[in-house]
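Asker: Sharing a structure here in structure tokens format.
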Amino acid sequence: AQDIIIATHMGKIIRFAEGDVRSMGRSARGVRGIRLRANDYVVEMDVLAGATHILTATENGYGKRTEIPRYRKQTRGGMGIIDIKTTARNGMVVGVKAVAEEDQIMVSTSGGMVVRMRIKRISIVGRNTQGVRLMVLEAGDKIASIAKVAEKTDDSGQEITPPEPTAEELDQLRKEAEQQADEPEEAGSAETEPEETDPEDTEPGEPEKEGSDS
């Protein structure tokens, strides 16, 4: 059986055994994975199979990589422990992934920026910390999500590198971009920016014992 992690927007995380979740029917209500504080919600669930670290990213461009043994196993349904400090500098948590040293991730922002980075280049720090800067954001921009990159390999297990575009292909892409730029925009297509959540610090709390699920 594998271990499971559930992480929340306000920086809490819980690790428990897969066997703690009993099998039930498709339309069942399910059981509690983590007990949430007021205004908190789950942002990620992942399985620790093959992973060596837990990567956490916050909305203001900060994050960290922490060794899995730093997260003690608990009983399902507790309040969990602090994964990262959601201070004014960090903002709230937007993504948590179980990763290995050779993995890569894509970081996307609300302003449309995308950055690809290698996990091994992200500093390893403790669990209950503020972390380090993952990327520099423009004014008003926020990290929206993170995702692991699925590498393509051949039959021998070697990574497949996509071919570089030819000069003709690049010229065609440039012409298409210029044509799209010349087209008039439709009226009423103004975009609205998403509301931002005011960051606040989380306080340490002891995990709760599992109670009876109703």
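We label chains A, B, ... in the order they appear in the structure tokens, count residues from 1 in each chain, and number ligands from 1 in the order shown.
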Using only C-alpha atoms, which protein or nucleic acid residues come within 9 Å of Val125 in chain A? Drop anything in the same chain fewer than 2 positions from it, and give the result as a list in words.

Answerer: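 The residues that qualify are Lys64, Arg65, Thr66, Glu67, Ser123, Arg127, Asn128, Thr129, Gly131 and Val132 of chain A.
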
Asker: Given the choices A:Arg72, A:Gly11, A:Gly77, A:Glu18, which gets closest to Arg32 in chain A if the distance is worked out from only C-alpha atoms?

Answerer: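 Between A:Arg72, A:Gly11, A:Gly77, A:Glu18, the residue approaching Arg32 in chain A most closely is A:Gly77.
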
Asker: Tell me, as a ChimeraX atom specification, which residues lie within 8 Å of Glu102 in chain A, counting only C-alpha atoms; anything in the same chain fewer than 3 positions away does not count.

Answerer: /A:118-120

Asker: Give me a file of those residues, with N, CA, C and O atoms, as an mmCIF file, in the first residue's frame.

Answerer:
```
data_model
loop_
_atom_site.group_PDB
_atom_site.id
_atom_site.type_symbol
_atom_site.label_atom_id
_atom_site.label_comp_id
_atom_site.auth_asym_id
_atom_site.auth_seq_id
_atom_site.Cartn_x
_atom_site.Cartn_y
_atom_site.Cartn_z
ATOM 1 N N ARG A 118 13.802 22.299 -13.537
ATOM 2 C CA ARG A 118 14.194 20.989 -13.037
ATOM 3 C C ARG A 118 14.099 20.967 -11.517
ATOM 4 O O ARG A 118 14.510 21.909 -10.847
ATOM 5 N N ILE A 119 13.586 19.861 -10.995
ATOM 6 C CA ILE A 119 13.402 19.732 -9.549
ATOM 7 C C ILE A 119 14.732 19.850 -8.809
ATOM 8 O O ILE A 119 14.817 20.483 -7.749
ATOM 9 N N LYS A 120 15.788 19.282 -9.368
ATOM 10 C CA LYS A 120 17.072 19.275 -8.663
ATOM 11 C C LYS A 120 17.651 20.677 -8.487
ATOM 12 O O LYS A 120 18.570 20.873 -7.678
#
```

Asker: As a ChimeraX atom specification, list the residues of range 23-184 of chain A assigned to strand (DSSP E or B) by DSSP on the backbone atoms of this structure.

Answerer: /A:42-47,53-58,62-67,81-82,84,93-99,104-109,114-118,124,129,132-133,143-148,153,159

Asker: Between A:His53, A:Lys12, A:Arg116, A:Arg35, which has the minimum distance to Ile84 in chain A (counting only C-alpha atoms)?

Answerer: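 Looking only at the distances to Ile84 in chain A, the closest residue turns out to be A:Lys12.
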
Asker: Report, in Å to a single decimal, how far apart CA of Gly95 in chain A and CA of Glu44 in chain A are.

Answerer: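 Separation between CA of Glu44 in chain A and CA of Gly95 in chain A: 6.3 Å.
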
Asker: Given the choices A:Val115, A:Ala1, A:Ile13, A:Ala147, which gets closest to Arg70 in chain A if the distance is worked out from only C-alpha atoms?

Answerer: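 Distance minimum relative to Arg70 in chain A lands on A:Ile13.
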
Asker: Contacts between range 3-9 of chain A and range 62-145 of chain A, please, where a residue of range 62-145 of chain A counts if it comes within 9 Å (with only C-alpha atoms); show its shortest atom pair and distance in Å to one decimal, rows by chain and ascending number, as a tab-separated table.

Answerer:
```
residue	atom	partner	partner_atom	distance
A:Lys73	CA	A:Asp3	CA	8.3
A:Gly80	CA	A:Ala7	CA	8.7
A:Asp83	CA	A:Ala7	CA	8.0
A:Thr86	CA	A:His9	CA	8.9
A:Met92	CA	A:His9	CA	5.8
A:Val93	CA	A:His9	CA	4.8
A:Val94	CA	A:His9	CA	6.4
A:Gly95	CA	A:Ala7	CA	8.2
A:Val96	CA	A:Ala7	CA	6.7
A:Ala98	CA	A:Ile5	CA	8.4
```

Asker: At a cut-off of 12 Å, using only C-alpha atoms, what residues contact Gly112 in chain A? Leave out same-chain residues fewer than 5 positions from it and give the result as number ranges by chain.

Answerer: A: 107, 137-138, 141-145

Asker: Between CA of Arg121 in chain A and CA of Gly91 in chain A, what is the distance, to one decimal in Å?

Answerer: 22.0 Å

Asker: Calculated over only C-alpha atoms, which of the candidates A:Gly78, A:Gln2, A:Arg89, A:Ile14 has the smallest distance to Ala51 in chain A?

Answerer: A:Gln2
